[in-house]
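One file, run_29.txt, carrying compact mmCIF, C-alpha atoms:
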```
# COMPACT_ATOMS: atom_id res chain seq x y z
CA MET S 51 0.00 0.00 0.00
CA SER S 52 2.80 2.39 0.87
CA TYR S 53 4.56 1.46 -2.35
CA TYR S 54 1.38 2.14 -4.31
CA LEU S 55 0.97 5.55 -2.66
CA SER S 56 4.61 6.51 -3.17
CA SER S 57 4.84 5.41 -6.83
CA GLU S 58 4.63 8.18 -9.39
CA ASN S 59 3.48 6.12 -12.36
CA HIS S 60 0.46 4.47 -10.74
CA LEU S 61 -2.90 4.75 -12.43
CA ASP S 62 -5.25 7.40 -11.01
CA PRO S 63 -8.35 5.61 -9.66
CA GLY S 64 -10.39 8.80 -9.94
CA PRO S 65 -12.43 10.55 -7.26
CA ILE S 66 -13.76 8.43 -4.38
CA TYR S 67 -16.93 9.58 -2.54
CA VAL S 68 -17.89 8.52 1.02
CA ARG S 69 -21.20 9.32 2.76
CA GLU S 70 -20.77 10.17 6.45
CA ASN S 71 -23.38 11.62 8.83
CA GLY S 72 -25.68 12.36 5.93
CA GLN S 73 -23.04 14.32 4.03
CA LEU S 74 -21.07 13.33 0.95
CA HIS S 75 -17.30 13.59 1.27
CA MET S 76 -14.69 13.11 -1.50
CA VAL S 77 -11.58 11.26 -0.43
CA ASN S 78 -8.27 12.54 -1.83
CA LEU S 79 -5.19 10.32 -1.81
CA ALA S 80 -2.00 12.15 -0.99
CA LEU S 81 1.55 11.12 -0.40
CA ASP S 82 1.42 11.95 3.29
CA GLY S 83 -1.75 10.04 3.95
CA VAL S 84 -5.48 10.10 3.30
CA ARG S 85 -7.25 13.39 3.81
CA SER S 86 -11.00 13.79 3.71
CA SER S 87 -12.65 17.01 2.66
CA LEU S 88 -15.89 18.14 1.17
CA GLN S 89 -15.52 19.73 -2.28
CA LYS S 90 -17.89 21.08 -4.88
CA PRO S 91 -18.77 18.65 -7.68
CA ARG S 92 -16.96 19.21 -10.96
CA PRO S 93 -18.98 20.35 -13.98
CA PHE S 94 -19.81 17.57 -16.41
CA ARG S 95 -17.81 17.77 -19.68
CA LEU S 96 -19.21 16.09 -22.81
CA PHE S 97 -15.97 16.19 -24.83
CA PRO S 98 -12.39 16.07 -23.55
CA LYS S 99 -10.24 19.17 -23.54
CA GLY S 100 -8.73 20.11 -26.88
CA PHE S 101 -11.45 18.39 -28.89
CA SER S 102 -12.08 19.88 -32.34
CA VAL S 103 -13.30 18.79 -35.76
CA GLU S 104 -9.78 18.99 -37.15
CA LEU S 105 -8.47 16.61 -34.50
CA CYS S 106 -11.37 14.25 -35.12
CA MET S 107 -10.58 14.14 -38.82
CA ASN S 108 -6.92 13.51 -38.14
CA ARG S 109 -7.79 10.48 -36.02
CA GLU S 110 -9.28 8.71 -39.01
CA ASP S 111 -7.28 6.42 -41.24
CA ASP S 112 -5.60 8.03 -44.22
CA THR S 113 -7.35 5.79 -46.75
CA ALA S 114 -10.77 6.47 -45.29
CA ARG S 115 -10.10 10.19 -45.00
CA LYS S 116 -9.24 10.39 -48.71
CA GLU S 117 -12.48 8.74 -49.74
CA LYS S 118 -14.88 10.41 -47.31
CA THR S 119 -16.07 13.97 -47.54
CA ASP S 120 -17.11 16.22 -44.69
CA HIS S 121 -20.77 16.88 -44.04
CA PHE S 122 -20.21 20.61 -44.39
CA ILE S 123 -19.41 22.86 -47.32
CA PHE S 124 -16.89 25.56 -46.39
CA THR S 125 -16.95 28.88 -48.24
CA TYR S 126 -15.67 32.40 -47.66
CA THR S 127 -17.69 35.58 -47.48
CA ARG S 128 -16.75 38.86 -49.12
CA GLU S 129 -15.24 40.03 -45.88
CA GLY S 130 -12.99 36.98 -45.80
CA ASN S 131 -14.83 35.18 -43.01
CA LEU S 132 -15.18 31.42 -43.10
CA ARG S 133 -18.74 30.24 -43.58
CA TYR S 134 -20.02 26.70 -43.68
CA SER S 135 -23.34 25.19 -44.68
CA ALA S 136 -24.63 21.68 -44.27
CA LYS S 137 -24.81 19.38 -47.30
CA SER S 138 -28.15 18.19 -48.58
CA LEU S 139 -29.57 14.92 -47.35
CA PHE S 140 -29.41 13.54 -50.89
CA SER S 141 -25.65 14.17 -51.05
CA LEU S 142 -25.10 12.53 -47.67
CA VAL S 143 -27.13 9.45 -48.60
CA LEU S 144 -25.46 9.24 -52.01
CA GLY S 145 -22.04 9.31 -50.39
CA PHE S 146 -22.98 6.63 -47.88
CA ILE S 147 -24.35 4.29 -50.56
CA SER S 148 -21.32 4.82 -52.80
CA ASP S 149 -19.05 3.88 -49.90
CA ASN S 150 -20.97 0.59 -49.60
CA VAL S 151 -21.86 0.10 -53.28
CA ASP S 152 -20.65 -3.52 -53.30
CA HIS S 153 -23.40 -4.43 -50.81
CA ILE S 154 -26.26 -3.40 -53.12
CA ASP S 155 -28.56 -6.31 -53.92
CA SER S 156 -29.97 -5.07 -57.23
CA LEU S 157 -30.45 -1.87 -59.25
CA ILE S 158 -33.03 -3.17 -61.69
CA GLY S 159 -35.86 -0.64 -61.95
CA PHE S 160 -33.82 2.10 -60.27
CA PRO S 161 -33.98 5.51 -62.06
CA GLU S 162 -31.16 6.00 -64.54
CA GLN S 163 -30.49 9.63 -63.57
CA ILE S 164 -29.82 8.78 -59.93
CA ALA S 165 -27.92 5.63 -60.90
CA GLU S 166 -25.54 7.68 -63.02
CA LYS S 167 -24.82 9.99 -60.08
CA LEU S 168 -24.29 6.98 -57.84
CA PHE S 169 -21.92 5.47 -60.39
CA SER S 170 -19.93 8.71 -60.60
CA ALA S 171 -19.71 8.97 -56.80
CA ALA S 172 -18.43 5.38 -56.53
CA GLU S 173 -15.99 6.02 -59.36
CA ALA S 174 -14.61 9.12 -57.58
CA ARG S 175 -13.94 6.94 -54.54
CA GLN S 176 -12.24 4.34 -56.82
CA LYS S 177 -14.56 1.61 -55.60
CA PHE S 178 -14.37 -0.24 -58.94
CA THR S 179 -10.61 -0.72 -58.67
CA GLU S 180 -10.89 -2.69 -55.43
CA PRO S 181 -10.41 -6.44 -55.95
CA GLY S 182 -13.58 -8.43 -55.40
CA ALA S 183 -15.78 -5.57 -54.25
CA GLY S 184 -15.26 -3.63 -57.48
CA LEU S 185 -16.37 -6.59 -59.59
CA ARG S 186 -19.55 -7.13 -57.55
CA ALA S 187 -20.44 -3.46 -57.78
CA LEU S 188 -19.81 -3.29 -61.52
CA GLN S 189 -21.96 -6.35 -62.17
CA LYS S 190 -24.92 -4.71 -60.43
CA PHE S 191 -24.70 -1.73 -62.76
CA THR S 192 -24.13 -3.69 -65.98
CA GLU S 193 -27.00 -6.10 -65.43
CA ALA S 194 -29.39 -3.22 -64.78
CA TYR S 195 -28.30 -0.61 -67.35
CA GLY S 196 -26.36 -2.49 -70.02
CA SER S 197 -25.11 -0.18 -72.78
CA LEU S 198 -25.43 2.91 -70.59
CA VAL S 199 -22.52 1.70 -68.49
CA LEU S 200 -20.43 1.04 -71.60
CA CYS S 201 -21.43 0.88 -75.27
CA SER S 202 -17.95 0.95 -76.84
CA LEU S 203 -14.72 -0.47 -75.40
CA CYS S 204 -11.22 0.13 -76.80
CA LEU S 205 -8.51 -2.13 -75.32
CA ARG S 206 -6.02 -1.70 -78.13
CA ASN S 207 -2.55 -2.79 -76.99
CA ARG S 208 -3.76 -3.07 -73.36
CA TYR S 209 -3.02 -6.73 -72.73
CA LEU S 210 -2.05 -5.98 -69.12
CA VAL S 211 -5.52 -4.62 -68.40
CA ILE S 212 -7.08 -7.72 -69.97
CA SER S 213 -4.95 -10.06 -67.89
CA GLU S 214 -5.62 -8.23 -64.62
CA LYS S 215 -9.28 -7.21 -65.12
CA LEU S 216 -10.63 -10.05 -67.25
CA GLU S 217 -13.70 -10.75 -65.10
CA GLU S 218 -14.58 -7.06 -64.99
CA ILE S 219 -14.31 -6.83 -68.78
CA LYS S 220 -16.52 -9.89 -69.19
CA SER S 221 -19.20 -8.24 -67.05
CA PHE S 222 -19.90 -5.56 -69.71
CA ARG S 223 -23.06 -6.20 -71.72
CA GLU S 224 -24.66 -4.85 -74.88
CA LEU S 225 -21.41 -3.55 -76.34
CA THR S 226 -21.60 -2.39 -79.95
CA CYS S 227 -17.90 -1.79 -80.65
CA LEU S 228 -14.97 -3.78 -79.24
CA ASP S 229 -11.31 -3.20 -80.12
CA LEU S 230 -8.89 -5.92 -78.97
CA SER S 231 -6.10 -5.17 -81.44
CA CYS S 232 -2.49 -6.07 -80.60
CA CYS S 233 -3.37 -7.99 -77.43
CA LYS S 234 -1.86 -11.38 -78.42
CA LEU S 235 -4.87 -13.34 -77.19
CA GLY S 236 -4.44 -16.55 -79.18
CA ASP S 237 -7.01 -19.20 -80.06
CA GLU S 238 -7.53 -20.53 -76.52
CA HIS S 239 -8.01 -17.26 -74.64
CA GLU S 240 -11.04 -17.04 -72.38
CA LEU S 241 -12.04 -13.66 -73.78
CA LEU S 242 -12.22 -15.04 -77.33
CA GLU S 243 -14.65 -17.68 -76.09
CA HIS S 244 -16.65 -14.99 -74.30
CA LEU S 245 -17.20 -13.21 -77.63
CA THR S 246 -19.66 -15.94 -78.63
CA ASN S 247 -21.79 -15.33 -75.53
CA GLU S 248 -25.28 -13.89 -75.90
CA ALA S 249 -24.24 -10.91 -73.76
CA LEU S 250 -22.10 -9.73 -76.71
CA SER S 251 -24.53 -10.54 -79.50
CA SER S 252 -25.03 -6.78 -79.92
CA VAL S 253 -21.43 -6.26 -81.12
CA THR S 254 -21.38 -4.80 -84.64
CA GLN S 255 -17.70 -3.80 -84.88
CA LEU S 256 -14.94 -6.19 -83.78
CA HIS S 257 -11.20 -5.52 -84.15
CA LEU S 258 -8.96 -8.58 -83.66
CA LYS S 259 -5.84 -7.31 -85.39
CA ASP S 260 -2.54 -8.98 -84.44
CA ASN S 261 -3.90 -11.49 -81.90
CA CYS S 262 -2.07 -14.67 -82.96
CA LEU S 263 -5.27 -16.20 -84.33
CA SER S 264 -5.42 -19.19 -86.64
CA ASP S 265 -8.11 -21.09 -88.50
CA ALA S 266 -9.03 -22.86 -85.25
CA GLY S 267 -9.77 -19.55 -83.54
CA VAL S 268 -11.90 -18.33 -86.44
CA ARG S 269 -13.81 -21.63 -86.44
CA LYS S 270 -14.46 -21.33 -82.71
CA MET S 271 -15.57 -17.72 -83.01
CA THR S 272 -18.03 -18.45 -85.84
CA ALA S 273 -19.40 -21.77 -84.52
CA PRO S 274 -22.49 -20.34 -82.74
CA VAL S 275 -23.47 -18.36 -85.84
CA ARG S 276 -22.97 -21.31 -88.18
CA VAL S 277 -24.67 -23.92 -86.00
CA MET S 278 -27.21 -22.17 -83.76
CA LYS S 279 -27.69 -18.87 -85.64
CA ARG S 280 -26.69 -16.79 -82.62
CA GLY S 281 -23.60 -15.10 -81.23
CA LEU S 282 -21.93 -12.50 -83.47
CA GLU S 283 -24.77 -12.60 -85.97
CA ASN S 284 -25.08 -8.78 -86.05
CA LEU S 285 -21.43 -8.21 -86.95
CA THR S 286 -20.97 -5.61 -89.69
CA LEU S 287 -17.21 -4.87 -89.38
CA LEU S 288 -14.44 -7.37 -88.71
CA ASP S 289 -10.68 -6.79 -88.61
CA LEU S 290 -8.55 -9.95 -88.74
CA SER S 291 -5.40 -8.36 -90.17
CA CYS S 292 -1.88 -9.31 -89.06
CA ASN S 293 -2.82 -12.89 -88.16
CA PRO S 294 -0.54 -14.94 -90.44
CA GLU S 295 -1.91 -18.28 -89.23
CA ILE S 296 -5.30 -17.62 -90.86
CA THR S 297 -5.39 -19.36 -94.24
CA ASP S 298 -7.86 -19.79 -97.09
CA ALA S 299 -9.77 -22.41 -95.10
CA GLY S 300 -10.31 -19.99 -92.21
CA ILE S 301 -11.79 -17.35 -94.51
CA GLY S 302 -14.50 -19.85 -95.44
CA TYR S 303 -15.89 -19.71 -91.90
CA LEU S 304 -16.62 -15.99 -92.34
CA PHE S 305 -19.33 -16.66 -94.91
CA SER S 306 -21.79 -17.14 -92.04
CA PHE S 307 -21.62 -13.40 -91.25
CA ARG S 308 -24.38 -12.35 -93.63
CA LYS S 309 -24.52 -8.77 -92.32
CA LEU S 310 -20.80 -8.15 -92.78
CA ASN S 311 -20.12 -4.89 -94.64
CA CYS S 312 -16.36 -4.36 -94.04
CA LEU S 313 -13.59 -6.95 -93.72
CA ASP S 314 -9.83 -6.59 -93.33
CA ILE S 315 -7.67 -9.70 -93.85
CA SER S 316 -4.39 -7.96 -94.63
CA GLY S 317 -1.28 -9.75 -93.44
CA THR S 318 -2.90 -13.18 -93.24
CA GLY S 319 -1.52 -16.43 -94.68
CA LEU S 320 -3.66 -16.59 -97.80
CA LYS S 321 -2.37 -18.66 -100.70
CA ASP S 322 -4.83 -18.08 -103.52
CA ILE S 323 -5.90 -14.45 -103.07
CA LYS S 324 -7.79 -14.34 -106.36
CA THR S 325 -10.00 -17.27 -105.36
CA VAL S 326 -10.64 -15.74 -101.92
CA LYS S 327 -11.72 -12.48 -103.52
CA HIS S 328 -14.11 -14.33 -105.80
CA LYS S 329 -15.62 -16.35 -102.92
CA LEU S 330 -16.13 -13.29 -100.73
CA GLN S 331 -17.90 -11.50 -103.53
CA THR S 332 -20.00 -14.54 -104.41
CA HIS S 333 -21.09 -15.60 -100.91
CA ILE S 334 -21.48 -12.35 -98.94
CA GLY S 335 -21.12 -9.67 -101.62
CA LEU S 336 -17.83 -8.13 -100.44
CA VAL S 337 -15.69 -6.34 -103.05
CA HIS S 338 -11.96 -5.70 -102.76
CA SER S 339 -11.14 -2.04 -102.10
CA LYS S 340 -8.34 -0.44 -104.09
CA VAL S 341 -7.85 2.29 -101.47
CA PRO S 342 -7.54 1.92 -97.67
CA LEU S 343 -10.88 2.10 -95.90
CA LYS S 344 -11.31 4.67 -93.16
CA GLU S 345 -13.31 2.16 -91.09
CA PHE S 346 -10.05 0.37 -90.20
CA ASP S 347 -8.00 3.36 -88.99
CA HIS S 348 -9.20 2.70 -85.41
CA SER S 349 -10.36 6.28 -84.95
CA ASN S 350 -14.02 5.35 -84.65
CA CYS S 351 -13.61 2.90 -81.77
CA LYS S 352 -13.38 4.72 -78.43
CA THR S 353 -14.37 3.87 -74.90
CA GLU S 354 -17.76 5.48 -74.35
CA GLY S 355 -20.17 5.21 -71.42
CA TRP S 356 -20.34 5.76 -67.68
CA ALA S 357 -17.30 3.55 -67.15
CA ASP S 358 -14.91 5.29 -69.56
CA GLN S 359 -12.83 6.68 -66.69
CA ILE S 360 -12.80 3.30 -64.93
CA VAL S 361 -10.86 1.76 -67.81
CA LEU S 362 -8.27 4.52 -67.43
CA GLN S 363 -8.10 3.80 -63.69
CA TRP S 364 -7.51 0.11 -64.43
CA GLU S 365 -4.73 0.96 -66.84
CA ARG S 366 -3.08 3.29 -64.33
CA VAL S 367 -3.28 0.72 -61.51
CA THR S 368 -1.89 -2.12 -63.63
CA ALA S 369 0.90 0.09 -64.96
CA GLU S 370 1.93 1.00 -61.43
CA ALA S 371 1.78 -2.64 -60.32
CA VAL S 372 4.16 -3.87 -63.03
CA LYS S 373 6.36 -0.79 -63.09
CA PRO S 374 9.90 -2.07 -63.56
CA ARG S 375 12.42 -1.33 -60.89
CA GLU S 376 15.28 1.00 -61.63
CA THR S 377 18.23 -1.02 -62.78
CA SER S 378 21.59 -0.51 -61.22
CA GLU S 379 24.39 1.32 -62.98
CA PRO S 380 26.53 -1.79 -63.72
CA ARG S 381 23.59 -3.52 -65.40
CA THR S 382 22.69 -0.50 -67.50
CA ALA S 383 26.33 -0.16 -68.52
CA ALA S 384 26.41 -3.83 -69.53
CA GLN S 385 23.26 -3.41 -71.58
CA ARG S 386 24.72 -0.44 -73.37
CA PHE S 387 27.93 -2.39 -74.02
CA TYR S 388 26.08 -5.31 -75.61
CA GLY S 389 23.66 -3.03 -77.44
CA LYS S 390 20.62 -4.33 -75.62
CA ARG S 391 17.59 -2.27 -74.72
CA SER S 392 15.23 -2.67 -71.87
CA ARG S 393 11.59 -3.48 -72.48
CA ALA S 394 10.52 0.00 -71.49
CA GLU S 395 12.75 1.50 -74.20
CA ALA S 396 11.36 -0.72 -76.96
CA PRO S 397 7.58 -0.64 -76.77
CA LEU S 398 5.58 -3.09 -78.79
CA LYS S 399 4.12 -1.77 -81.99
CA CYS S 400 1.29 -3.14 -84.03
CA PRO S 401 2.40 -4.13 -87.53
CA LEU S 402 0.96 -2.53 -90.64
CA THR S 403 0.55 0.82 -88.93
CA ASP S 404 2.74 2.62 -91.45
CA PRO S 405 0.53 5.10 -93.34
CA HIS S 406 2.94 4.94 -96.31
CA MET S 407 2.24 1.27 -96.84
CA ASN S 408 1.27 0.28 -100.35
CA SER S 409 -2.50 0.03 -100.64
CA SER S 410 -2.18 -2.95 -102.98
CA GLU S 411 -0.86 -5.03 -100.07
CA LYS S 412 -4.00 -4.38 -98.05
CA LEU S 413 -6.83 -6.85 -98.39
CA GLN S 414 -9.79 -4.77 -97.30
CA PHE S 415 -13.27 -5.53 -98.54
CA TYR S 416 -16.51 -3.61 -98.48
CA LYS S 417 -20.06 -4.22 -99.59
CA GLU S 418 -21.25 -2.06 -102.43
CA LYS S 419 -24.35 -0.03 -101.79
CA ALA S 420 -27.38 -1.44 -103.51
CA PRO S 421 -28.93 0.86 -106.15
CA ASP S 422 -32.06 2.76 -105.36
CA CYS S 423 -34.89 0.28 -105.50
CA HIS S 424 -37.55 2.86 -106.33
CA GLY S 425 -36.35 5.17 -109.11
CA PRO S 426 -34.53 2.87 -111.53
CA VAL S 427 -36.87 -0.04 -110.99
CA LEU S 428 -39.92 2.04 -111.66
CA LYS S 429 -38.25 3.45 -114.74
CA HIS S 430 -37.39 -0.03 -115.87
CA GLU S 431 -40.93 -1.13 -115.20
CA ALA S 432 -42.21 1.85 -117.17
CA ILE S 433 -39.89 0.96 -120.06
CA SER S 434 -40.91 -2.67 -119.91
CA SER S 435 -44.57 -1.69 -119.74
CA GLN S 436 -44.08 0.58 -122.73
CA GLU S 437 -42.30 -2.20 -124.57
CA SER S 438 -45.12 -4.58 -123.66
CA LYS S 439 -47.63 -2.06 -124.88
CA LYS S 440 -45.63 -1.62 -128.03
CA SER S 441 -45.43 -5.35 -128.41
CA LYS S 442 -49.18 -5.53 -127.95
CA LYS S 443 -49.68 -2.69 -130.36
CA ARG S 444 -47.42 -4.19 -132.96
CA PRO S 445 -49.66 -7.11 -133.92
CA PHE S 446 -52.65 -4.76 -133.83
CA GLU S 447 -50.83 -2.28 -136.06
CA GLU S 448 -49.65 -5.07 -138.26
CA SER S 449 -53.23 -6.31 -138.56
CA GLU S 450 -54.36 -2.76 -139.32
CA THR S 451 -51.66 -2.34 -141.93
CA GLU S 452 -52.59 -5.70 -143.37
CA GLN S 453 -56.23 -4.64 -143.41
CA ASN S 454 -55.28 -1.31 -144.92
CA ASN S 455 -53.16 -3.06 -147.43
CA SER S 456 -55.94 -5.48 -148.08
CA SER S 457 -58.44 -2.62 -148.27
CA GLN S 458 -56.30 -0.60 -150.66
CA PRO S 459 -56.44 -3.18 -153.39
CA SER S 460 -60.13 -3.53 -152.68
CA LYS S 461 -60.49 0.23 -153.04
CA GLN S 462 -58.41 0.06 -156.11
CA LYS S 463 -60.72 -2.65 -157.38
CA TYR S 464 -63.66 -0.38 -156.77
CA VAL S 465 -61.87 2.44 -158.44
CA CYS S 466 -61.01 0.26 -161.41
CA LEU S 467 -64.60 -0.56 -162.19
CA ALA S 468 -65.81 -0.66 -165.76
CA VAL S 469 -67.80 2.19 -167.31
CA ASP S 470 -70.93 0.06 -167.45
CA ASP S 471 -70.62 -0.64 -163.70
CA TRP S 472 -70.31 3.03 -162.95
CA ASP S 473 -73.37 3.76 -164.96
CA LEU S 474 -75.24 1.14 -162.99
CA LEU S 475 -74.16 2.61 -159.68
CA ASN S 476 -75.11 6.11 -160.80
CA SER S 477 -78.57 4.94 -161.71
CA TYR S 478 -79.28 4.07 -158.09
```

Produce C-alpha cells that represent the structure in this file.
Amino acid sequence: MSYYLSSENHLDPGPIYVRENGQLHMVNLALDGVRSSLQKPRPFRLFPKGFSVELCMNREDDTARKEKTDHFIFTYTREGNLRYSAKSLFSLVLGFISDNVDHIDSLIGFPEQIAEKLFSAAEARQKFTEPGAGLRALQKFTEAYGSLVLCSLCLRNRYLVISEKLEEIKSFRELTCLDLSCCKLGDEHELLEHLTNEALSSVTQLHLKDNCLSDAGVRKMTAPVRVMKRGLENLTLLDLSCNPEITDAGIGYLFSFRKLNCLDISGTGLKDIKTVKHKLQTHIGLVHSKVPLKEFDHSNCKTEGWADQIVLQWERVTAEAVKPRETSEPRTAAQRFYGKRSRAEAPLKCPLTDPHMNSSEKLQFYKEKAPDCHGPVLKHEAISSQESKKSKKRPFEESETEQNNSSQPSKQKYVCLAVDDWDLLNSY
C-alpha cells in the first residue's frame, strides 16, 4: 500500500466519494496520507479538452479520409470570413451508398439519372478498382443498365488490363464496338470464347488485329453463328489483319456473317488471293477495295459510357503494379555495351501501322451499296410496260396495216370498175 501511494506512475483511480453523517465527502489520496474534505462537484464535460473537428478528422485512417467527404461545405464571405453550410440529405445518402456500393442487392428498376450519379460517386472513390468488391459493384450496374454503363470499349494494346481485369471486362453487356487489337490473345483465350456469348450478341464492330489467331480460332468464333444462328450474328465490321496463321480455309468460316459490310484480312496467310476475292464477292457480296478504308484506322472505336474513366483507372493501376524497378548502374552499362535495350525503351508496336504502306498489299473488302430500289426499278418497269404495250400494239398495227393493205387493193378494185358498172351505180 505504501509502495502504491509513493509510486509516481500508478494509475489514477479517480475521485472516491464517502457518505458520512448524511453528508457526501470526496476522499483525496495524498503522499502523506489520506485526507478527507468536502468539495464542490466538478462540472460535467461532454468532450475532452482540446477536442475539435480537425483533431477528429486527423484520427481517421488516411485511406478512409481520402475517400470520405465532410458533411459541411466551407466557403468564404466577401469580408474573408469562413462560412459553412450543411450538405443536402441527398448528397449525404449518395455518399454513404457509394461507400458501400458492393453491398447493393440489385439496381433493376432504379432511375437512370440517380444511378448515373451513384456510379460517378463510386468512381470518384475508386470503388471499382478494389479487388472483389469492385467486380460485384460493376456487375450490379451492368446487369441493370447495359449499354449505358459502356457501349464501346477500346482495349487496343492493353493486354495488361485484360490479364488483370478479365472478369470485370466480361461483365460488360450490350457492347456495340470492341477493339482488342495487338493484345496477343491466341485461339484458346477465355475472352475469345466470351465473344460468342449472348451478352455480346449486340457487337457490330470487332477488331482482332494482331492477336495470334489461326483457322481454329476463327472456327471457334463463328461456330455459334454457323450452327445455332446466334452469337456474333449482327457483326458488320471485322478486322482480322496481321494474323498470319489464318489461311484460305479460315476465310470460309466468315461466310456465315451475312450482315458483314467491311472486312480486313491484310497480313494473313492466304495462298490463292484471287480465289478468296471471288468467294467473298460470291457468298457475302464483299468487293476488294483499291484504297484503304477509313473504317479500319481505329479512330471510330473509343471507350464510351459511364465507365470510360474506370478503364483509365484500371490501366493506371496495372501500370503501377508492373512498373519495372530501376536497374543498377553496372547492369545499364552492360546493356549499353552489348547493345541491348530494356523493355521499357522498346515498346511493342502493331504491324501494318505505317501510313505509307502500299495500298495494294491491303486486303480490305466492303459491300457495295445497292442501287435505289424505287427510281430505276420504276423506270425499268415503265420501259418494260411501254415495250409490252408496243409489243401488244405491234400485232394490232400489223393487222391494221394488213387490213389497210388489203383494203387498198379492194379500193383500187372499186376504183377500177368498168364504165358500165359506174353507170349502174349512178342509176341508183

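Those residues that approach region 206-211 of chain S to within 8 Å, counting only C-alpha atoms, are Cys204, Ser213, Glu214, Lys215, Leu216, Asp229, Leu230, Ser231, Cys232, Cys233, Lys234, Trp364, Glu365, Thr368 and Ala369 of chain S; same-chain residues fewer than 2 positions away are not listed.
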
Keeping only C-alpha atoms, write the selected residues to a file as a PDB file, in the coordinates of the input.
```pdb
ATOM      1  CA  CYS S 204     -11.220   0.130 -76.800  1.00  0.00           C
ATOM      2  CA  SER S 213      -4.950 -10.060 -67.890  1.00  0.00           C
ATOM      3  CA  GLU S 214      -5.620  -8.230 -64.620  1.00  0.00           C
ATOM      4  CA  LYS S 215      -9.280  -7.210 -65.120  1.00  0.00           C
ATOM      5  CA  LEU S 216     -10.630 -10.050 -67.250  1.00  0.00           C
ATOM      6  CA  ASP S 229     -11.310  -3.200 -80.120  1.00  0.00           C
ATOM      7  CA  LEU S 230      -8.890  -5.920 -78.970  1.00  0.00           C
ATOM      8  CA  SER S 231      -6.100  -5.170 -81.440  1.00  0.00           C
ATOM      9  CA  CYS S 232      -2.490  -6.070 -80.600  1.00  0.00           C
ATOM     10  CA  CYS S 233      -3.370  -7.990 -77.430  1.00  0.00           C
ATOM     11  CA  LYS S 234      -1.860 -11.380 -78.420  1.00  0.00           C
ATOM     12  CA  TRP S 364      -7.510   0.110 -64.430  1.00  0.00           C
ATOM     13  CA  GLU S 365      -4.730   0.960 -66.840  1.00  0.00           C
ATOM     14  CA  THR S 368      -1.890  -2.120 -63.630  1.00  0.00           C
ATOM     15  CA  ALA S 369       0.900   0.090 -64.960  1.00  0.00           C
TER      16      ALA S 369
END
```

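The shortest atom-to-atom distance to Pro65 (chain S), with all atoms listed in the file taken into account, belongs to S:Val77 out of S:Glu240, S:Val77, S:Ile147, S:Val275.
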
Would you compute the box with edges along x, y and z of the file around region 192-202 of chain S, including every atom the file lists for it and 3 Å extra on each side, and give its centre and edge lengths in Å to one decimal, as JSON?
```
{"center_x": -23.7, "center_y": -1.6, "center_z": -70.8, "size_x": 17.4, "size_y": 15.0, "size_z": 18.1}
```

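From CA of Asn311 (chain S) back to CA of Ser349 (chain S), the distance works out to 17.7 Å.
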
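The coordinates place CA of Lys329 (chain S) at 17.4 Å from CA of Thr272 (chain S).
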
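With all atoms listed in the file as the atoms that count, the residue of S:Phe307, S:Phe160, S:Tyr134, S:Phe222 with the shortest distance to Arg280 (chain S) is S:Phe307.
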
Distance of CA of Ser306 (chain S) from CA of His338 (chain S), expressed in Å to one decimal place: 18.5 Å

Just give me the residues with any atom within 12 Å of (-26.3, -13.1, -82.8), file coordinates, counting only C-alpha atoms, written as a VMD selection string. chain S and resid 224 245 to 254 271 to 286 306 to 309

Go ahead and save the picked residues with C-alpha atoms, as a JSON list (two decimals), in the coordinates of the input.
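Ended up saving to result-v8.json:
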```
[["chain", "number", "residue", "atom", "x", "y", "z"],
["S", 224, "GLU", "CA", -24.66, -4.85, -74.88],
["S", 245, "LEU", "CA", -17.20, -13.21, -77.63],
["S", 246, "THR", "CA", -19.66, -15.94, -78.63],
["S", 247, "ASN", "CA", -21.79, -15.33, -75.53],
["S", 248, "GLU", "CA", -25.28, -13.89, -75.90],
["S", 249, "ALA", "CA", -24.24, -10.91, -73.76],
["S", 250, "LEU", "CA", -22.10, -9.73, -76.71],
["S", 251, "SER", "CA", -24.53, -10.54, -79.50],
["S", 252, "SER", "CA", -25.03, -6.78, -79.92],
["S", 253, "VAL", "CA", -21.43, -6.26, -81.12],
["S", 254, "THR", "CA", -21.38, -4.80, -84.64],
["S", 271, "MET", "CA", -15.57, -17.72, -83.01],
["S", 272, "THR", "CA", -18.03, -18.45, -85.84],
["S", 273, "ALA", "CA", -19.40, -21.77, -84.52],
["S", 274, "PRO", "CA", -22.49, -20.34, -82.74],
["S", 275, "VAL", "CA", -23.47, -18.36, -85.84],
["S", 276, "ARG", "CA", -22.97, -21.31, -88.18],
["S", 277, "VAL", "CA", -24.67, -23.92, -86.00],
["S", 278, "MET", "CA", -27.21, -22.17, -83.76],
["S", 279, "LYS", "CA", -27.69, -18.87, -85.64],
["S", 280, "ARG", "CA", -26.69, -16.79, -82.62],
["S", 281, "GLY", "CA", -23.60, -15.10, -81.23],
["S", 282, "LEU", "CA", -21.93, -12.50, -83.47],
["S", 283, "GLU", "CA", -24.77, -12.60, -85.97],
["S", 284, "ASN", "CA", -25.08, -8.78, -86.05],
["S", 285, "LEU", "CA", -21.43, -8.21, -86.95],
["S", 286, "THR", "CA", -20.97, -5.61, -89.69],
["S", 306, "SER", "CA", -21.79, -17.14, -92.04],
["S", 307, "PHE", "CA", -21.62, -13.40, -91.25],
["S", 308, "ARG", "CA", -24.38, -12.35, -93.63],
["S", 309, "LYS", "CA", -24.52, -8.77, -92.32]]
```

Write out as a PDB file with C-alpha atoms, in the coordinates of the input the residues lying within 7 Å of region 177-190 of chain S, counting only C-alpha atoms and excluding same-chain residues fewer than 4 positions away.
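Just written: around_6.pdb:
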```
ATOM      1  CA  VAL S 151     -21.860   0.100 -53.280  1.00  0.00           C
ATOM      2  CA  ASP S 152     -20.650  -3.520 -53.300  1.00  0.00           C
ATOM      3  CA  SER S 156     -29.970  -5.070 -57.230  1.00  0.00           C
ATOM      4  CA  LEU S 157     -30.450  -1.870 -59.250  1.00  0.00           C
ATOM      5  CA  ALA S 172     -18.430   5.380 -56.530  1.00  0.00           C
ATOM      6  CA  GLU S 173     -15.990   6.020 -59.360  1.00  0.00           C
ATOM      7  CA  ALA S 194     -29.390  -3.220 -64.780  1.00  0.00           C
ATOM      8  CA  GLU S 218     -14.580  -7.060 -64.990  1.00  0.00           C
ATOM      9  CA  SER S 221     -19.200  -8.240 -67.050  1.00  0.00           C
ATOM     10  CA  TRP S 364      -7.510   0.110 -64.430  1.00  0.00           C
TER      11      TRP S 364
END
```
